[in-house]
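A.B. asks: Got a structure for you, questions after.
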Amino acid sequence: GGGTVSWFFWPSVVSASYTDFWKTSVMGGELRPELQASIFSDTYPAGTEYNQDFNLCTEVTHATYSLNYHAFATGYSGNDLTRAKAANHRMGYSFLVTKVDASVGSDSSNVDISVTVNQTGVAPFYYPLHLNLRCTDGTSSVSKTLPNVETIINEGDGKLFAFTNIPATPDCLNQLEISLSSDYTYIDNPVKFAQGTDGTTVSVSVPLPPAPCTLAQIDESCLGGSDCCSGLCSGGKPSNRVCLANGPT
């Protein structure tokens, strides 16, 4: 509702050709006071000209916040409260750790850990945001930090972060802890993931990667399968044999 009323906020934004402003500037405002008590009720006439659907407004404008005095002064209950909480969670950023892998590192005592973070919210985090990786290797703690989580802007986008020189030990890899941090937040109110027990830390366990093969690679010379990483060596004269990827020819 209200999408064609020229003086309403979003039609004005469209008219100014500024619909991508939310990617660099925070979108937010106040829910109109006369709608605050009823907007999450069964009887609210969502979609009419002066009674817009809250969730649709969030999706279109990419809102990070909406001031709502009624929610805290009087409060909601029952289904209204359930809808209000869901609407609140839909606003702003939402980050998920979707994949964690270990690969062979610079030497046998270390591995590289890749962490993929996906954005599932409607808006970015507008300040520098770091991804942290921590583990305990015996009696010592290992911590690494990488920047630029805030560059994951659009819903559905993801970014891979590569941590190097992580101890290649079961103690470390069985208790990896992944978290977010920003110099612009209070210590007792950290940026959280949309997963895990409370979102503060995502705990994962990854196996040691296979040791790198030191035998002959594909197309390199071999006398038999035992010479090749693939276990496969071509036939023919010994001087012409090479390692194969998909079986002998």
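Letters A, B, ... go to the chains of the structure tokens in the order shown; residues in each chain start at 1; ligands are counted from 1 in the same order.
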If you count only C-alpha atoms, which residues fall within 10 Å of range 132-139 of chain A, apart from same-chain ones fewer than 2 positions away, as a PyMOL selection string?
C.D. replies: chain A and resi 113+115+129-130+141-147+161+163+166-181+201-203
A.B. asks: Can you pull out every residue within 9 Å of Leu96 in chain A, counting only C-alpha atoms, but drop anything in the same chain fewer than 3 positions away, and send it as a PyMOL selection string?
C.D. replies: chain A and resi 116-120+193-195
A.B. asks: The selected residues should be written to file as a tab-separated table (two decimals), in the first residue's frame (atoms: all heavy atoms).
C.D. replies:
chain	number	residue	atom	x	y	z
A	116	THR	N	33.64	-19.64	5.08
A	116	THR	CA	32.73	-18.91	4.21
A	116	THR	C	31.62	-18.30	5.04
A	116	THR	O	30.96	-18.99	5.82
A	116	THR	CB	32.12	-19.83	3.13
A	116	THR	OG1	33.18	-20.41	2.36
A	116	THR	CG2	31.20	-19.04	2.21
A	117	VAL	N	31.44	-16.99	4.89
A	117	VAL	CA	30.38	-16.26	5.60
A	117	VAL	C	29.38	-15.75	4.58
A	117	VAL	O	29.76	-15.15	3.57
A	117	VAL	CB	30.96	-15.09	6.41
A	117	VAL	CG1	29.84	-14.30	7.08
A	117	VAL	CG2	31.95	-15.60	7.46
A	118	ASN	N	28.10	-15.99	4.83
A	118	ASN	CA	27.04	-15.54	3.95
A	118	ASN	C	26.16	-14.50	4.63
A	118	ASN	O	25.92	-14.57	5.84
A	118	ASN	CB	26.18	-16.71	3.47
A	118	ASN	CG	26.84	-17.49	2.37
A	118	ASN	OD1	27.72	-18.31	2.62
A	118	ASN	ND2	26.45	-17.23	1.12
A	119	GLN	N	25.68	-13.57	3.82
A	119	GLN	CA	24.75	-12.55	4.29
A	119	GLN	C	23.32	-13.02	4.01
A	119	GLN	O	22.96	-13.32	2.87
A	119	GLN	CB	25.02	-11.23	3.57
A	119	GLN	CG	23.94	-10.18	3.65
A	119	GLN	CD	23.86	-9.48	4.99
A	119	GLN	OE1	23.25	-10.00	5.92
A	119	GLN	NE2	24.47	-8.31	5.08
A	120	THR	N	22.50	-13.12	5.04
A	120	THR	CA	21.10	-13.53	4.86
A	120	THR	C	20.14	-12.43	5.30
A	120	THR	O	18.94	-12.66	5.37
A	120	THR	CB	20.80	-14.83	5.64
A	120	THR	OG1	21.03	-14.62	7.04
A	120	THR	CG2	21.68	-15.97	5.15
A	193	PHE	N	26.38	-13.76	15.11
A	193	PHE	CA	25.91	-14.54	13.97
A	193	PHE	C	24.44	-14.90	14.19
A	193	PHE	O	23.94	-14.87	15.33
A	193	PHE	CB	26.71	-15.84	13.82
A	193	PHE	CG	28.10	-15.65	13.32
A	193	PHE	CD1	29.19	-15.81	14.17
A	193	PHE	CD2	28.34	-15.34	11.98
A	193	PHE	CE1	30.49	-15.66	13.71
A	193	PHE	CE2	29.64	-15.20	11.51
A	193	PHE	CZ	30.71	-15.35	12.38
A	194	ALA	N	23.77	-15.26	13.12
A	194	ALA	CA	22.39	-15.72	13.21
A	194	ALA	C	22.34	-17.23	13.37
A	194	ALA	O	21.53	-17.92	12.75
A	194	ALA	CB	21.60	-15.29	11.97
A	195	GLN	N	23.23	-17.76	14.22
A	195	GLN	CA	23.31	-19.20	14.44
A	195	GLN	C	24.08	-19.45	15.73
A	195	GLN	O	24.61	-18.51	16.34
A	195	GLN	CB	24.01	-19.89	13.27
A	195	GLN	CG	25.47	-19.50	13.12
A	195	GLN	CD	26.08	-19.89	11.80
A	195	GLN	OE1	26.60	-19.03	11.11
A	195	GLN	NE2	26.07	-21.16	11.43
A.B. asks: Calculate how many Å separate CA of Val191 in chain A from CA of Pro124 in chain A, rounding to one decimal.
C.D. replies: 12.3 Å
A.B. asks: List the spatial neighbours of Cys213 in chain A as an mmCIF file with N, CA and C atoms, in the first residue's frame - criterion: any atom at most 10 Å away, only C-alpha atoms, same-chain residues fewer than 4 positions off excluded.
C.D. replies:
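Saved to part_20.cif:
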data_model
loop_
_atom_site.group_PDB
_atom_site.id
_atom_site.type_symbol
_atom_site.label_atom_id
_atom_site.label_comp_id
_atom_site.auth_asym_id
_atom_site.auth_seq_id
_atom_site.Cartn_x
_atom_site.Cartn_y
_atom_site.Cartn_z
ATOM 1 N N GLN A 217 52.614 -36.884 -10.516
ATOM 2 C CA GLN A 217 51.304 -36.329 -10.818
ATOM 3 C C GLN A 217 50.864 -36.764 -12.222
ATOM 4 N N CYS A 228 52.313 -43.363 -9.016
ATOM 5 C CA CYS A 228 51.425 -42.228 -9.289
ATOM 6 C C CYS A 228 50.532 -41.889 -8.088
ATOM 7 N N CYS A 229 50.268 -40.610 -7.907
ATOM 8 C CA CYS A 229 49.309 -40.188 -6.880
ATOM 9 C C CYS A 229 47.918 -40.742 -7.189
ATOM 10 N N SER A 230 47.584 -40.858 -8.446
ATOM 11 C CA SER A 230 46.275 -41.380 -8.836
ATOM 12 C C SER A 230 46.208 -42.893 -8.724
#
A.B. asks: Write down as an MDAnalysis selection string the residues of range 4-203 of chain A whose backbone DSSP state falls under alpha helix (DSSP H).
C.D. replies: chainID A and resid 9:15 54:61 69:73 78:90 170:173
